[in-house]
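The next block is start.csv, given as CSV, C-alpha atoms and all ligand atoms.
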chain,number,residue,atom,x,y,z
A,110,MET,CA,136.2,174.4,156.8
A,111,GLY,CA,137.1,174.3,153.2
A,112,CYS,CA,135.7,176.9,150.8
A,113,MET,CA,136.0,177.0,147.1
A,114,ALA,CA,139.1,178.8,146.0
A,115,PHE,CA,137.2,181.6,144.4
A,116,VAL,CA,134.8,181.9,147.3
A,117,ALA,CA,135.4,184.6,149.8
A,118,CYS,CA,135.6,182.6,153.0
A,119,ASP,CA,134.2,184.0,156.2
A,120,ASP,CA,134.2,182.3,159.5
A,121,SER,CA,130.7,181.0,159.3
A,122,ASP,CA,130.3,177.4,158.5
A,123,PRO,CA,127.2,177.2,156.4
A,124,LEU,CA,126.0,174.2,158.4
A,125,ASN,CA,126.8,175.4,161.8
A,126,ASN,CA,124.0,175.4,164.3
A,127,ASP,CA,123.6,179.2,164.6
A,128,GLN,CA,122.7,179.5,161.0
A,129,ILE,CA,120.6,176.3,161.0
A,130,ASP,CA,118.5,177.6,163.8
A,131,GLY,CA,115.6,179.5,162.4
A,132,ASP,CA,116.7,179.8,158.9
A,133,LEU,CA,115.6,177.8,155.9
A,134,ILE,CA,115.1,174.6,157.8
A,135,VAL,CA,112.7,172.5,155.7
A,136,ASP,CA,111.3,170.9,158.8
A,137,GLY,CA,112.1,173.0,161.7
A,138,ASP,CA,111.6,170.4,164.4
A,139,THR,CA,113.6,170.5,167.5
A,140,GLY,CA,116.0,167.8,166.6
A,141,ASP,CA,116.0,166.7,170.1
A,142,GLY,CA,115.8,163.0,170.1
A,143,ASP,CA,115.7,163.0,166.4
A,144,ILE,CA,116.9,159.6,165.4
A,145,SER,CA,115.8,158.7,162.0
A,146,GLY,CA,113.9,161.7,160.8
A,147,ASP,CA,111.1,163.9,161.8
A,148,GLU,CA,107.4,163.2,161.6
A,149,ASP,CA,106.5,166.2,159.6
A,150,GLU,CA,109.4,166.6,157.2
A,151,PRO,CA,107.9,167.3,153.9
A,152,ALA,CA,107.1,164.6,151.5
A,153,GLU,CA,108.2,164.7,147.9
A,154,GLY,CA,106.8,167.7,146.3
A,155,ASP,CA,106.3,169.6,149.5
A,156,ILE,CA,108.8,172.3,149.0
A,157,GLU,CA,107.7,174.8,151.6
A,158,PRO,CA,110.6,175.5,153.9
A,159,ASP,CA,109.9,176.5,157.4
A,160,GLY,CA,110.7,180.2,157.3
A,161,ASP,CA,107.7,181.3,159.2
A,162,GLY,CA,109.6,181.0,162.5
A,163,ASP,CA,107.3,178.5,164.1
A,164,GLY,CA,110.0,175.8,164.1
A,165,THR,CA,112.6,177.6,166.2
A,166,VAL,CA,111.9,176.2,169.6
A,167,ASP,CA,114.8,178.0,171.2
A,168,GLY,CA,113.5,181.3,170.2
A,169,ASP,CA,116.6,182.3,168.3
A,170,LEU,CA,116.2,185.3,166.1
A,171,GLU,CA,116.7,184.9,162.5
A,172,PRO,CA,120.3,185.2,161.7
A,173,ASP,CA,121.1,188.8,160.8
A,174,ILE,CA,122.5,188.0,157.4
A,175,ASP,CA,122.5,191.3,155.8
A,176,GLY,CA,123.6,193.3,158.7
A,177,ASP,CA,122.2,196.6,159.6
A,178,THR,CA,118.5,196.4,158.6
A,179,ALA,CA,116.2,199.2,157.9
A,180,GLU,CA,113.9,197.9,160.6
A,181,SER,CA,116.3,198.2,163.4
A,182,ASP,CA,117.0,201.8,162.3
A,183,SER,CA,113.4,202.8,162.1
A,184,ILE,CA,112.4,201.7,165.6
A,185,GLU,CA,115.0,203.5,167.7
A,186,SER,CA,113.4,204.9,170.7
A,187,PRO,CA,112.8,208.7,170.7
A,188,GLU,CA,115.5,210.5,172.7
A,189,ASP,CA,112.9,212.4,174.8
A,190,GLU,CA,111.6,209.1,176.3
A,191,GLU,CA,114.7,208.1,178.1
A,192,PRO,CA,112.8,206.6,181.1
A,193,GLU,CA,111.2,204.0,178.8
A,194,ALA,CA,114.4,203.4,176.8
A,195,GLU,CA,114.5,199.7,177.8
A,196,LEU,CA,111.0,198.9,176.9
A,197,PRO,CA,111.0,200.2,173.4
A,198,GLU,CA,114.2,198.2,172.9
A,199,GLU,CA,112.3,195.0,173.9
A,200,GLU,CA,109.5,196.0,171.6
A,201,ALA,CA,112.0,196.7,168.9
A,202,ILE,CA,113.2,193.1,169.2
A,203,GLU,CA,109.7,191.8,169.0
A,204,GLN,CA,109.0,194.0,166.1
A,205,GLU,CA,112.1,192.8,164.4
A,206,GLN,CA,110.9,189.2,164.8
A,207,GLU,CA,107.5,190.1,163.4
A,208,GLN,CA,108.8,192.2,160.6
A,209,GLU,CA,111.0,189.8,158.8
A,210,PRO,CA,111.9,191.1,155.4
A,211,GLU,CA,109.0,190.6,153.0
A,212,PRO,CA,109.9,188.3,150.2
A,213,PRO,CA,109.7,190.1,146.9
A,214,ALA,CA,107.2,189.4,144.2
A,215,VAL,CA,107.6,186.9,141.4
A,216,GLY,CA,109.1,188.6,138.4
A,217,ASP,CA,110.7,191.5,140.3
A,218,GLY,CA,114.2,190.4,139.4
A,219,PRO,CA,116.2,188.8,136.6
A,220,GLY,CA,115.4,185.1,136.1
A,221,VAL,CA,117.7,182.3,135.3
A,222,PHE,CA,116.8,178.9,133.9
A,223,ILE,CA,119.2,176.1,135.0
A,224,ASN,CA,120.1,174.6,131.6
A,225,SER,CA,122.6,172.1,132.8
A,226,LEU,CA,122.9,170.2,136.1
A,227,THR,CA,125.4,167.5,136.9
A,228,ILE,CA,126.2,165.4,140.0
A,229,PRO,CA,129.9,165.1,139.7
A,230,GLU,CA,131.9,162.0,140.4
A,231,ASP,CA,134.7,163.7,142.1
A,232,PRO,CA,134.6,165.2,145.6
A,233,CYS,CA,132.5,168.3,145.2
A,234,CYS,CA,131.4,171.0,146.0
A,235,PHE,CA,131.4,172.2,149.6
A,236,ASP,CA,132.6,170.9,152.9
A,237,LEU,CA,129.3,170.4,154.7
A,238,GLY,CA,130.7,168.8,157.8
A,239,GLY,CA,130.7,165.0,157.8
A,240,PRO,CA,133.6,162.9,158.7
A,241,ASP,CA,136.4,165.1,157.3
A,242,ALA,CA,137.3,168.6,156.1
A,243,GLU,CA,136.8,167.6,152.4
A,244,PRO,CA,133.9,168.5,150.2
A,245,ASP,CA,130.9,166.3,150.7
A,246,ASN,CA,129.0,164.6,148.0
A,247,LYS,CA,127.8,161.3,149.3
A,248,TYR,CA,125.0,161.2,146.7
A,249,GLY,CA,127.5,161.5,143.9
A,250,ALA,CA,129.6,158.6,145.3
A,251,LEU,CA,126.5,156.5,145.6
A,252,LEU,CA,125.5,157.2,142.0
A,253,ASP,CA,129.0,156.3,141.0
A,254,ALA,CA,128.7,153.0,142.8
A,255,PHE,CA,125.4,152.2,141.2
A,256,ALA,CA,126.7,153.2,137.8
A,257,GLY,CA,129.4,150.5,138.2
A,258,LEU,CA,126.8,147.9,139.0
A,259,LEU,CA,124.3,148.9,136.3
A,260,PRO,CA,126.1,149.9,133.2
A,261,GLU,CA,122.9,151.4,131.6
A,262,PHE,CA,122.4,153.6,134.5
A,263,ASP,CA,123.5,157.2,134.0
A,264,MET,CA,121.8,159.7,136.3
A,265,ASN,CA,123.4,162.7,134.7
A,266,ALA,CA,122.2,161.6,131.3
A,267,GLU,CA,118.7,161.3,132.7
A,268,ILE,CA,118.9,164.8,134.3
A,269,ALA,CA,120.1,166.2,131.0
A,270,ALA,CA,117.3,164.6,129.2
A,271,ALA,CA,114.7,165.8,131.7
A,272,ILE,CA,116.0,169.4,131.3
A,273,ALA,CA,116.1,169.1,127.5
A,274,ASP,CA,112.4,168.0,127.2
A,275,GLY,CA,111.1,170.4,129.8
A,276,GLN,CA,110.3,167.8,132.5
A,277,TYR,CA,112.7,169.5,134.9
A,278,ILE,CA,112.6,173.3,134.9
A,279,GLN,CA,114.3,175.0,137.8
A,280,LEU,CA,114.3,178.8,137.8
A,281,LEU,CA,116.3,181.1,140.0
A,282,GLU,CA,115.5,184.8,140.4
A,283,PHE,CA,117.8,187.5,141.7
A,284,HIS,CA,116.5,190.3,143.8
A,285,GLY,CA,117.9,193.5,145.1
A,286,VAL,CA,120.9,193.7,142.7
A,287,THR,CA,121.9,197.0,141.4
A,288,ASP,CA,125.6,196.3,140.7
A,289,TRP,CA,126.4,192.9,139.0
A,290,GLN,CA,130.0,193.1,139.9
A,291,ASP,CA,129.9,193.8,143.7
A,292,ALA,CA,126.8,193.7,145.8
A,293,ASN,CA,125.5,192.7,149.2
A,294,GLY,CA,122.1,191.7,150.4
A,295,VAL,CA,121.3,189.8,147.3
A,296,GLY,CA,118.1,187.8,147.5
A,297,LEU,CA,117.6,184.5,145.6
A,298,ALA,CA,114.3,182.9,144.9
A,299,CYS,CA,114.0,179.4,143.6
A,300,TYR,CA,111.0,178.1,141.7
A,301,GLY,CA,109.8,175.1,139.8
A,302,GLY,CA,108.9,176.4,136.4
A,303,GLN,CA,106.9,175.8,133.3
A,304,ASP,CA,107.3,176.8,129.7
A,305,ALA,CA,105.0,179.7,128.9
A,306,ASP,CA,104.0,178.2,125.5
A,307,ALA,CA,104.0,174.8,123.8
A,308,ASP,CA,107.5,175.1,122.2
A,309,PHE,CA,110.4,174.4,124.5
A,310,ALA,CA,113.1,175.0,121.9
A,311,ASP,CA,113.2,178.8,122.6
A,312,ASN,CA,113.6,178.1,126.4
A,313,LEU,CA,116.7,176.0,125.7
A,314,ASN,CA,118.3,178.6,123.4
A,315,PRO,CA,120.7,180.8,125.4
A,316,ASP,CA,120.3,183.5,122.8
A,317,ILE,CA,116.6,183.8,123.2
A,318,PHE,CA,115.2,185.5,126.3
A,319,ALA,CA,112.3,183.0,126.5
A,320,ASP,CA,109.2,183.2,128.6
A,321,PHE,CA,108.7,181.0,131.6
A,322,LEU,CA,106.0,180.6,134.2
A,323,VAL,CA,106.4,179.7,137.9
A,324,ASP,CA,104.7,176.6,139.3
A,325,PRO,CA,101.8,177.6,141.6
A,326,GLN,CA,103.3,175.2,144.2
A,327,SER,CA,106.4,177.4,144.4
A,328,VAL,CA,104.6,180.5,145.5
A,329,ASP,CA,102.5,181.9,148.3
A,330,GLY,CA,100.3,184.3,146.5
A,331,ASN,CA,102.8,186.2,144.4
A,332,SER,CA,105.8,185.6,146.6
A,333,PRO,CA,108.4,182.8,146.4
A,334,LEU,CA,108.2,180.1,149.0
A,335,LEU,CA,111.9,179.5,148.6
A,336,PHE,CA,113.6,182.8,149.1
A,337,THR,CA,117.1,183.2,150.6
A,338,PRO,CA,118.5,186.6,151.5
A,339,GLY,CA,122.1,187.6,152.2
A,340,GLY,CA,123.8,186.6,149.0
A,341,THR,CA,126.9,188.5,147.8
A,342,ILE,CA,128.5,189.3,144.5
A,343,GLU,CA,132.2,190.0,144.6
A,344,GLN,CA,133.9,190.8,141.3
A,345,GLY,CA,131.1,189.0,139.5
A,346,ALA,CA,131.2,185.9,141.7
A,347,PHE,CA,127.9,185.1,143.4
A,348,GLU,CA,127.8,183.4,146.7
A,349,ILE,CA,124.9,182.5,149.0
A,350,HIS,CA,124.5,180.2,152.0
A,351,ASN,CA,121.6,178.5,153.8
A,352,ALA,CA,119.6,178.4,150.6
A,353,THR,CA,117.0,175.8,149.6
A,354,VAL,CA,117.0,174.7,146.0
A,355,LEU,CA,115.1,172.1,144.1
A,356,ILE,CA,116.5,169.2,142.2
A,357,PRO,CA,114.6,166.7,140.1
A,358,GLY,CA,113.2,163.9,142.2
A,359,PHE,CA,115.2,160.7,141.5
A,360,MET,CA,115.8,157.4,143.1
A,361,ALA,CA,119.4,156.6,143.8
A,362,SER,CA,119.5,153.5,141.7
A,363,PHE,CA,116.4,153.6,139.6
A,364,GLY,CA,116.5,156.8,137.6
A,365,MET,CA,114.5,159.9,137.3
A,366,PHE,CA,110.9,160.2,138.4
A,367,PRO,CA,108.8,160.5,135.4
A,368,ALA,CA,107.1,163.8,134.8
A,369,SER,CA,105.2,164.1,138.0
A,370,GLY,CA,106.4,167.4,139.3
A,371,GLY,CA,108.6,165.5,141.7
A,372,TYR,CA,111.2,167.7,143.3
A,373,LEU,CA,113.6,167.0,146.1
A,374,PRO,CA,114.6,170.0,148.2
A,375,ILE,CA,118.3,170.5,148.9
A,376,THR,CA,118.4,172.4,152.2
A,377,HIS,CA,121.2,174.3,153.9
A,378,ALA,CA,122.7,174.8,150.5
A,379,SER,CA,125.6,176.9,149.5
A,380,MET,CA,125.7,178.1,146.0
A,381,THR,CA,128.4,179.9,144.0
A,382,GLY,CA,128.7,180.9,140.4
A,383,THR,CA,130.1,183.5,138.0
A,384,LEU,CA,127.4,186.0,136.9
A,385,VAL,CA,127.5,187.4,133.4
A,386,HIS,CA,124.9,190.1,132.8
A,387,ALA,CA,123.8,192.0,129.7
A,388,THR,CA,121.0,194.5,129.1
A,389,GLU,CA,118.3,194.1,126.5
A,390,GLY,CA,115.8,196.9,126.5
A,391,ASP,CA,114.5,197.2,130.0
A,392,ASN,CA,115.6,193.7,130.9
A,393,THR,CA,118.7,192.5,132.6
A,394,LEU,CA,119.8,189.1,131.2
A,395,VAL,CA,121.8,187.0,133.6
A,396,THR,CA,123.9,184.0,132.8
A,397,ILE,CA,125.5,181.8,135.4
A,398,GLU,CA,128.7,180.0,134.6
A,399,ASN,CA,130.7,177.5,136.8
A,400,GLY,CA,127.8,177.1,139.2
A,401,ARG,CA,128.2,174.9,142.2
A,402,ILE,CA,125.8,173.8,144.8
A,403,GLY,CA,126.4,171.8,148.0
A,404,GLY,CA,123.7,170.9,150.5
A,405,ALA,CA,121.7,168.3,152.4
A,406,ILE,CA,118.8,166.1,151.4
A,407,PHE,CA,116.9,164.6,154.3
A,408,MET,CA,116.6,160.9,154.2
A,409,ARG,CA,113.0,161.1,155.0
A,410,ASP,CA,112.4,163.3,152.0
A,411,ILE,CA,114.1,160.8,149.7
A,412,PHE,CA,112.2,157.8,150.9
A,413,ALA,CA,108.9,159.8,151.0
A,414,ALA,CA,109.6,160.5,147.4
A,415,TYR,CA,110.1,156.8,146.7
A,416,ASN,CA,106.7,156.1,148.3
A,417,ALA,CA,105.0,158.9,146.4
A,418,PHE,CA,106.4,157.4,143.2
A,419,VAL,CA,105.0,154.0,144.1
A,420,VAL,CA,101.6,155.4,145.0
A,421,GLU,CA,101.4,157.2,141.7
A,422,ASN,CA,102.8,154.6,139.4
A,423,CYS,CA,103.0,151.1,140.9
A,424,ASP,CA,99.6,149.6,141.2
A,425,CYS,CA,101.3,146.5,139.8
A,426,LEU,CA,103.0,146.0,143.1
A,427,ASN,CA,99.6,145.5,144.7
A,428,LEU,CA,100.7,147.2,147.9
A,429,GLY,CA,97.3,148.7,148.7
A,430,ASP,CA,97.7,151.3,151.4
A,431,THR,CA,101.0,149.9,152.6
A,432,PRO,CA,103.9,152.3,152.0
A,433,LEU,CA,106.9,150.7,150.2
A,434,ILE,CA,109.2,152.2,152.8
A,435,ASP,CA,108.3,152.7,156.5
A,436,LEU,CA,109.4,156.2,157.2
A,437,ASP,CA,110.0,155.6,160.9
A,438,ASP,CA,112.7,153.0,160.4
A,439,PHE,CA,113.4,153.1,156.7
A,440,THR,CA,112.6,149.4,156.2
A,441,CYS,CA,111.0,148.0,153.1
A,442,THR,CA,107.7,146.2,153.1
A,443,GLN,CA,107.6,142.7,151.7
A,444,ASP,CA,103.8,142.6,151.4
A,445,GLY,CA,103.5,143.2,147.7
A,446,ASN,CA,102.3,140.8,145.1
A,447,ASN,CA,104.6,142.0,142.4
A,448,GLU,CA,103.1,141.9,138.9
A,449,CYS,CA,105.3,144.6,137.4
A,450,ALA,CA,107.9,142.5,135.7
A,451,GLY,CA,107.7,142.5,131.9
A,452,GLY,CA,105.5,145.6,131.9
A,453,THR,CA,106.0,149.1,130.8
A,454,ASP,CA,109.2,151.1,131.4
A,455,ILE,CA,107.6,152.6,134.5
A,456,GLU,CA,106.5,149.2,135.7
A,457,GLN,CA,110.0,147.9,135.2
A,458,ARG,CA,111.1,150.7,137.5
A,459,CYS,CA,108.5,149.6,140.0
A,460,ASP,CA,109.8,146.1,139.8
A,461,ASN,CA,113.3,147.2,140.4
A,462,LEU,CA,112.3,149.6,143.2
A,463,TYR,CA,110.5,146.8,145.0
A,464,GLY,CA,113.2,144.1,144.3
A,465,PHE,CA,116.1,146.3,145.3
A,466,CYS,CA,114.4,148.3,148.0
A,467,ASN,CA,116.4,146.8,150.8
A,468,ILE,CA,119.7,147.3,149.0
A,469,SER,CA,118.7,150.8,148.4
A,470,THR,CA,117.8,151.7,151.9
A,471,MET,CA,120.8,150.0,153.3
A,472,THR,CA,123.3,151.6,151.0
A,473,LEU,CA,121.8,155.1,151.1
A,474,ARG,CA,123.2,156.0,154.4
A,475,PRO,CA,123.1,159.6,155.7
A,476,ASP,CA,126.4,161.3,156.3
A,477,LEU,CA,125.2,164.6,157.8
A,478,ASN,CA,123.4,165.4,161.0
A,479,ILE,CA,121.3,168.4,160.3
A,480,MET,CA,118.6,168.2,162.9
A,481,GLY,CA,120.7,167.2,165.9
A,482,GLY,CA,120.3,164.1,168.0
A,483,GLU,CA,122.6,161.2,167.8
A,484,GLU,CA,121.9,159.9,164.3
A,485,ASN,CA,122.7,161.3,160.9
A,486,ASP,CA,119.6,162.3,159.1
A,487,ALA,CA,120.6,163.7,155.7
A,488,VAL,CA,122.8,162.9,152.8
A,489,SER,CA,125.2,165.3,151.3
A,490,ILE,CA,125.1,166.2,147.7
A,491,GLY,CA,127.2,168.4,145.4
A,492,LEU,CA,126.1,169.6,142.0
A,493,THR,CA,127.6,171.7,139.2
A,494,PHE,CA,125.3,173.8,137.0
A,495,THR,CA,125.0,176.5,134.4
A,496,GLY,CA,122.1,178.9,133.9
A,497,ILE,CA,120.8,181.1,131.0
A,498,PRO,CA,118.5,184.1,131.1
A,499,ALA,CA,114.9,183.4,131.7
A,500,HIS,CA,112.0,185.8,131.3
A,501,ILE,CA,109.7,185.0,134.2
A,502,THR,CA,106.3,186.4,133.2
A,503,GLY,CA,104.2,185.2,136.1
A,504,VAL,CA,102.6,182.3,137.9
A,505,ALA,CA,101.1,179.5,135.9
A,506,GLY,CA,97.3,179.4,136.0
A,507,ASP,CA,97.0,183.1,137.0
A,601,CA,CA,133.3,167.2,154.9
A,602,CA,CA,108.8,178.2,125.0
A,603,CA,CA,119.7,163.8,163.6
Is it possible to give me this structure as C-alpha cells?
Ligand SMILES: [Ca+2]
Ligand SMILES: [Ca+2]
Ligand SMILES: [Ca+2]
Amino acid sequence: MGCMAFVACDDSDPLNNDQIDGDLIVDGDTGDGDISGDEDEPAEGDIEPDGDGDGTVDGDLEPDIDGDTAESDSIESPEDEEPEAELPEEEAIEQEQEQEPEPPAVGDGPGVFINSLTIPEDPCCFDLGGPDAEPDNKYGALLDAFAGLLPEFDMNAEIAAAIADGQYIQLLEFHGVTDWQDANGVGLACYGGQDADADFADNLNPDIFADFLVDPQSVDGNSPLLFTPGGTIEQGAFEIHNATVLIPGFMASFGMFPASGGYLPITHASMTGTLVHATEGDNTLVTIENGRIGGAIFMRDIFAAYNAFVVENCDCLNLGDTPLIDLDDFTCTQDGNNECAGGTDIEQRCDNLYGFCNISTMTLRPDLNIMGGEENDAVSIGLTFTGIPAHITGVAGD
C-alpha cells in the first residue's frame, strides 16, 4: 500500500475487508452477488451510513479501532465466580456488541468549516486499491477529461463558488481531543451545515469564529449520523480511516447541483491534515491545513443523484415517472420529449444531462470493488481541502 509521506503507515489497508465489514458502510449489504450495486444503497441526500450493525451478515464485531475499551474492562467476570467464567465472557462479547461507543453530542468539540475543496488533476490522494499501488482518483481523471472536451467546464471553480456563496457547507467536528499535538481515539463527526444568520461573509473569514448550524438531516436527535472513531494526531498531523464525508453533489460532466441540499457520501474515506489550534476564551479554534481525502463513491449513489436532480428540476424532459437512469443496469431512458433546449441555465443542464446521458454512464466506470462480488461498484476520488474554525451552535430548526 502507499501512504502519504507524512502519514504514519500501519499495516491496515483502509479498504481491506476486515475494516469494511461492519464499519461505516453506507449500505451494508452482503456484497454477495453484488454486480452493479445494491438495491438499498442510499439515494442522493441519504447520508445515513449503516453503523447500526444490521448490515454485517457475517457477524463480525466492529473493528476495535481504539484498542482497549472501557467496556471490555468494566465487564470482567468477578474472580469469585470462576465456574461461570466462560459464560460471562460470552455475555461480555454480546454486551460489547450492544454497547458500541455512543456518538457524542453536536457541539461537544471544536468545529471546522471546509473553506476550500479541490479535486486535483494529479494522482491523489490515497491508494484505495484499484489496478495498481498508486493513489486512486478516477473521478479527478474523468473531470480532467471532460474539462478537455468542454472548455467552459471547471468543476473546481464550481465547488469554490458553491462554498463562497454558502451552497455547500461541510462541517467537521473533533471529539475527545485533549492534546492537539499527539492523541489517539480521536472522533470525527461530519455534518452538512448552515449559516446561523443571514450574512455568510463572517463564516468565510478565517479570523472570525463564526456561528454555524448543523443540518437536521445530519443528526439523529443531537448526535451526528456520520461519526468515525479511531483518529490519531501525531505531531499535529491528523489521520483517520474508514470515515464517511460529504461532498457537494455534482454530475461528472454537467456541473454542480443547484442549491438543493444535494450531497454525495464518500465512504471508506481516509483523511489527513495538519491541525493548527488556538484558544479564544473557552473555545478551541482548529484550522486544518494540507487536508487530503481519499475514498469511494458508489456508482449507484452517483446515478441516483442524477435522477434526483432530474425529478427536482427537469420537467422539461417530460419523463413522467420514468427515471433518467435505470439503477439496475445504469442505462439511460430514451423516453423523454425534451423541451429543455434554449431554456434557463438549469434547463440547459437538463438538456445536456439527457443528451449526454449515455456518454456519461459509459465513461463513468467504477474502479473500486467495495461491496464484493465480481464487478466494481464504486469510483475512487481524491480531494485536497483546508478548513477554518467554525462555532457550531446547534441543529438548525431546534
Ligand atoms: Ca491504487
Ligand atoms: Ca454568518
Ligand atoms: Ca461489487
- Selection within 7 Å of ligand CA 601 (chain A) by all atoms listed in the file, output as an MDAnalysis selection string: chainID A and resid 236:245
- Message: Around ligand CA 602 (chain A), which protein and nucleic acid residues have at least one atom no more than 8 Å from it, if we count only C-alpha atoms and all ligand atoms? List them as a PyMOL selection string.
- Response: chain A and resi 304-312+319-321
Which residues of chain A come within 6 Å of ligand CA 603 (chain A), and for each one, what is the closest pair of atoms and their distance in Å to one decimal, counting all atoms listed in the file, sorted by chain and residue number, as CSV?
residue,atom,partner,partner_atom,distance
A:Asp143,CA,A:CA603,CA,4.9
A:Ile144,CA,A:CA603,CA,5.4
A:Asn478,CA,A:CA603,CA,4.8
A:Ile479,CA,A:CA603,CA,5.9
A:Met480,CA,A:CA603,CA,4.6
A:Gly481,CA,A:CA603,CA,4.2
A:Gly482,CA,A:CA603,CA,4.5
A:Glu483,CA,A:CA603,CA,5.7
A:Glu484,CA,A:CA603,CA,4.5
A:Asn485,CA,A:CA603,CA,4.7
A:Asp486,CA,A:CA603,CA,4.7
- Would you work out the distance separating atom CA of Leu313 of chain A from atom CA of Ile268 of chain A, expressed in Å to one decimal?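 Atom-to-atom, atom CA of Leu313 of chain A and atom CA of Ile268 of chain A are spaced 14.3 Å apart.
For Asn265 of chain A, the set of protein, DNA and RNA residues having any atom at most 9 Å away, when counting only C-alpha atoms and skipping those fewer than 6 positions along the same chain, is Leu226, Thr227, Ile228 and Pro229 of chain A.
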- Query: For Gly216 of chain A, which of A:Ala499, A:Ala273, A:Cys234, A:Ala405 is the closest residue, counting all atoms listed in the file?
  - Reply: A:Ala499
- Message: Counting only C-alpha atoms, which residues sit no farther than 8 Å from the position (100.8, 143.8, 143.2) in the file's frame? I'd like them as a list of chain:residue names.
- Response: A:Cys423, A:Asp424, A:Cys425, A:Leu426, A:Asn427, A:Leu428, A:Gly445, A:Asn446, A:Asn447, A:Glu448, A:Cys449
Selected residues, C-alpha atoms, written as a tab-separated table (two decimals), in the coordinates of the input, please.
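To be explicit, this is the file written out as part_1.tsv:
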chain	number	residue	atom	x	y	z
A	423	CYS	CA	103.00	151.10	140.90
A	424	ASP	CA	99.60	149.60	141.20
A	425	CYS	CA	101.30	146.50	139.80
A	426	LEU	CA	103.00	146.00	143.10
A	427	ASN	CA	99.60	145.50	144.70
A	428	LEU	CA	100.70	147.20	147.90
A	445	GLY	CA	103.50	143.20	147.70
A	446	ASN	CA	102.30	140.80	145.10
A	447	ASN	CA	104.60	142.00	142.40
A	448	GLU	CA	103.10	141.90	138.90
A	449	CYS	CA	105.30	144.60	137.40
Need the neighbours of (109.0, 189.5, 142.0): which residues are at most 9 Å away, counting only C-alpha atoms, as a PDB file with C-alpha atoms, keeping the file's coordinate frame?
ATOM      1  CA  PRO A 212     109.900 188.300 150.200  1.00  0.00           C
ATOM      2  CA  PRO A 213     109.700 190.100 146.900  1.00  0.00           C
ATOM      3  CA  ALA A 214     107.200 189.400 144.200  1.00  0.00           C
ATOM      4  CA  VAL A 215     107.600 186.900 141.400  1.00  0.00           C
ATOM      5  CA  GLY A 216     109.100 188.600 138.400  1.00  0.00           C
ATOM      6  CA  ASP A 217     110.700 191.500 140.300  1.00  0.00           C
ATOM      7  CA  GLY A 218     114.200 190.400 139.400  1.00  0.00           C
ATOM      8  CA  GLU A 282     115.500 184.800 140.400  1.00  0.00           C
ATOM      9  CA  HIS A 284     116.500 190.300 143.800  1.00  0.00           C
ATOM     10  CA  ALA A 298     114.300 182.900 144.900  1.00  0.00           C
ATOM     11  CA  ASN A 331     102.800 186.200 144.400  1.00  0.00           C
ATOM     12  CA  SER A 332     105.800 185.600 146.600  1.00  0.00           C
ATOM     13  CA  PRO A 333     108.400 182.800 146.400  1.00  0.00           C
ATOM     14  CA  GLY A 503     104.200 185.200 136.100  1.00  0.00           C
TER      15      GLY A 503
END
- If you measure from atom CA of Arg474 of chain A to atom CA of Phe412 of chain A, what distance in Å do you get, rounded to one decimal? 11.7 Å
- Message: Using Å and a single decimal, report how far atom CA of Ile342 of chain A sits from atom CA of Ile272 of chain A.
- Response: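 Atom CA of Ile272 of chain A sits 27.0 Å away from atom CA of Ile342 of chain A.
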Residues near Ile375 of chain A, cut-off 10 Å, all atoms listed in the file, skip fewer than 3 positions along chain, as a PDB file with C-alpha atoms, in the coordinates of the input:
ATOM      1  CA  VAL A 135     112.700 172.500 155.700  1.00  0.00           C
ATOM      2  CA  ILE A 156     108.800 172.300 149.000  1.00  0.00           C
ATOM      3  CA  ASN A 351     121.600 178.500 153.800  1.00  0.00           C
ATOM      4  CA  ALA A 352     119.600 178.400 150.600  1.00  0.00           C
ATOM      5  CA  THR A 353     117.000 175.800 149.600  1.00  0.00           C
ATOM      6  CA  VAL A 354     117.000 174.700 146.000  1.00  0.00           C
ATOM      7  CA  LEU A 355     115.100 172.100 144.100  1.00  0.00           C
ATOM      8  CA  ILE A 356     116.500 169.200 142.200  1.00  0.00           C
ATOM      9  CA  TYR A 372     111.200 167.700 143.300  1.00  0.00           C
ATOM     10  CA  ALA A 378     122.700 174.800 150.500  1.00  0.00           C
ATOM     11  CA  SER A 379     125.600 176.900 149.500  1.00  0.00           C
ATOM     12  CA  ILE A 402     125.800 173.800 144.800  1.00  0.00           C
ATOM     13  CA  GLY A 403     126.400 171.800 148.000  1.00  0.00           C
ATOM     14  CA  GLY A 404     123.700 170.900 150.500  1.00  0.00           C
ATOM     15  CA  ALA A 405     121.700 168.300 152.400  1.00  0.00           C
ATOM     16  CA  ILE A 406     118.800 166.100 151.400  1.00  0.00           C
ATOM     17  CA  PHE A 407     116.900 164.600 154.300  1.00  0.00           C
ATOM     18  CA  ASP A 410     112.400 163.300 152.000  1.00  0.00           C
ATOM     19  CA  ALA A 487     120.600 163.700 155.700  1.00  0.00           C
ATOM     20  CA  VAL A 488     122.800 162.900 152.800  1.00  0.00           C
ATOM     21  CA  SER A 489     125.200 165.300 151.300  1.00  0.00           C
ATOM     22  CA  ILE A 490     125.100 166.200 147.700  1.00  0.00           C
ATOM     23  CA  GLY A 491     127.200 168.400 145.400  1.00  0.00           C
TER      24      GLY A 491
END
- Task: Excluding Gln279 of chain A and residues on its chain fewer than 4 positions from it, collect all residues at most 6 Å away from it, counting all atoms listed in the file, and give them as a VMD selection string.
- Result: chain A and resid 223 300 to 302
Could those residues be written to a file, using C-alpha atoms, as a PDB file, in the frame of the given file?
ATOM      1  CA  ILE A 223     119.200 176.100 135.000  1.00  0.00           C
ATOM      2  CA  TYR A 300     111.000 178.100 141.700  1.00  0.00           C
ATOM      3  CA  GLY A 301     109.800 175.100 139.800  1.00  0.00           C
ATOM      4  CA  GLY A 302     108.900 176.400 136.400  1.00  0.00           C
TER       5      GLY A 302
END
- Residue nearest Leu297 of chain A - candidates A:Ala250, A:Met380, A:Ala271, A:Cys459, atoms counted: all atoms listed in the file: A:Met380
- Residue with smallest distance to Leu252 of chain A - pool A:Ala269, A:Phe439, A:Asp507, A:Leu473, counting all atoms listed in the file: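 Of the candidates, the smallest distance to Leu252 of chain A is held by A:Leu473.
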- Message: Counting only C-alpha atoms, which residue out of A:Cys466, A:Val221, A:Cys233, A:Leu280 sits closest to Leu384 of chain A?
- Response: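 Of A:Cys466, A:Val221, A:Cys233, A:Leu280, the one nearest Leu384 of chain A is A:Val221, counting only C-alpha atoms.
Distance check against Gly400 of chain A using all atoms listed in the file: of A:Gln276, A:Ser225, A:Thr440, A:Thr495, the minimum falls on A:Thr495.
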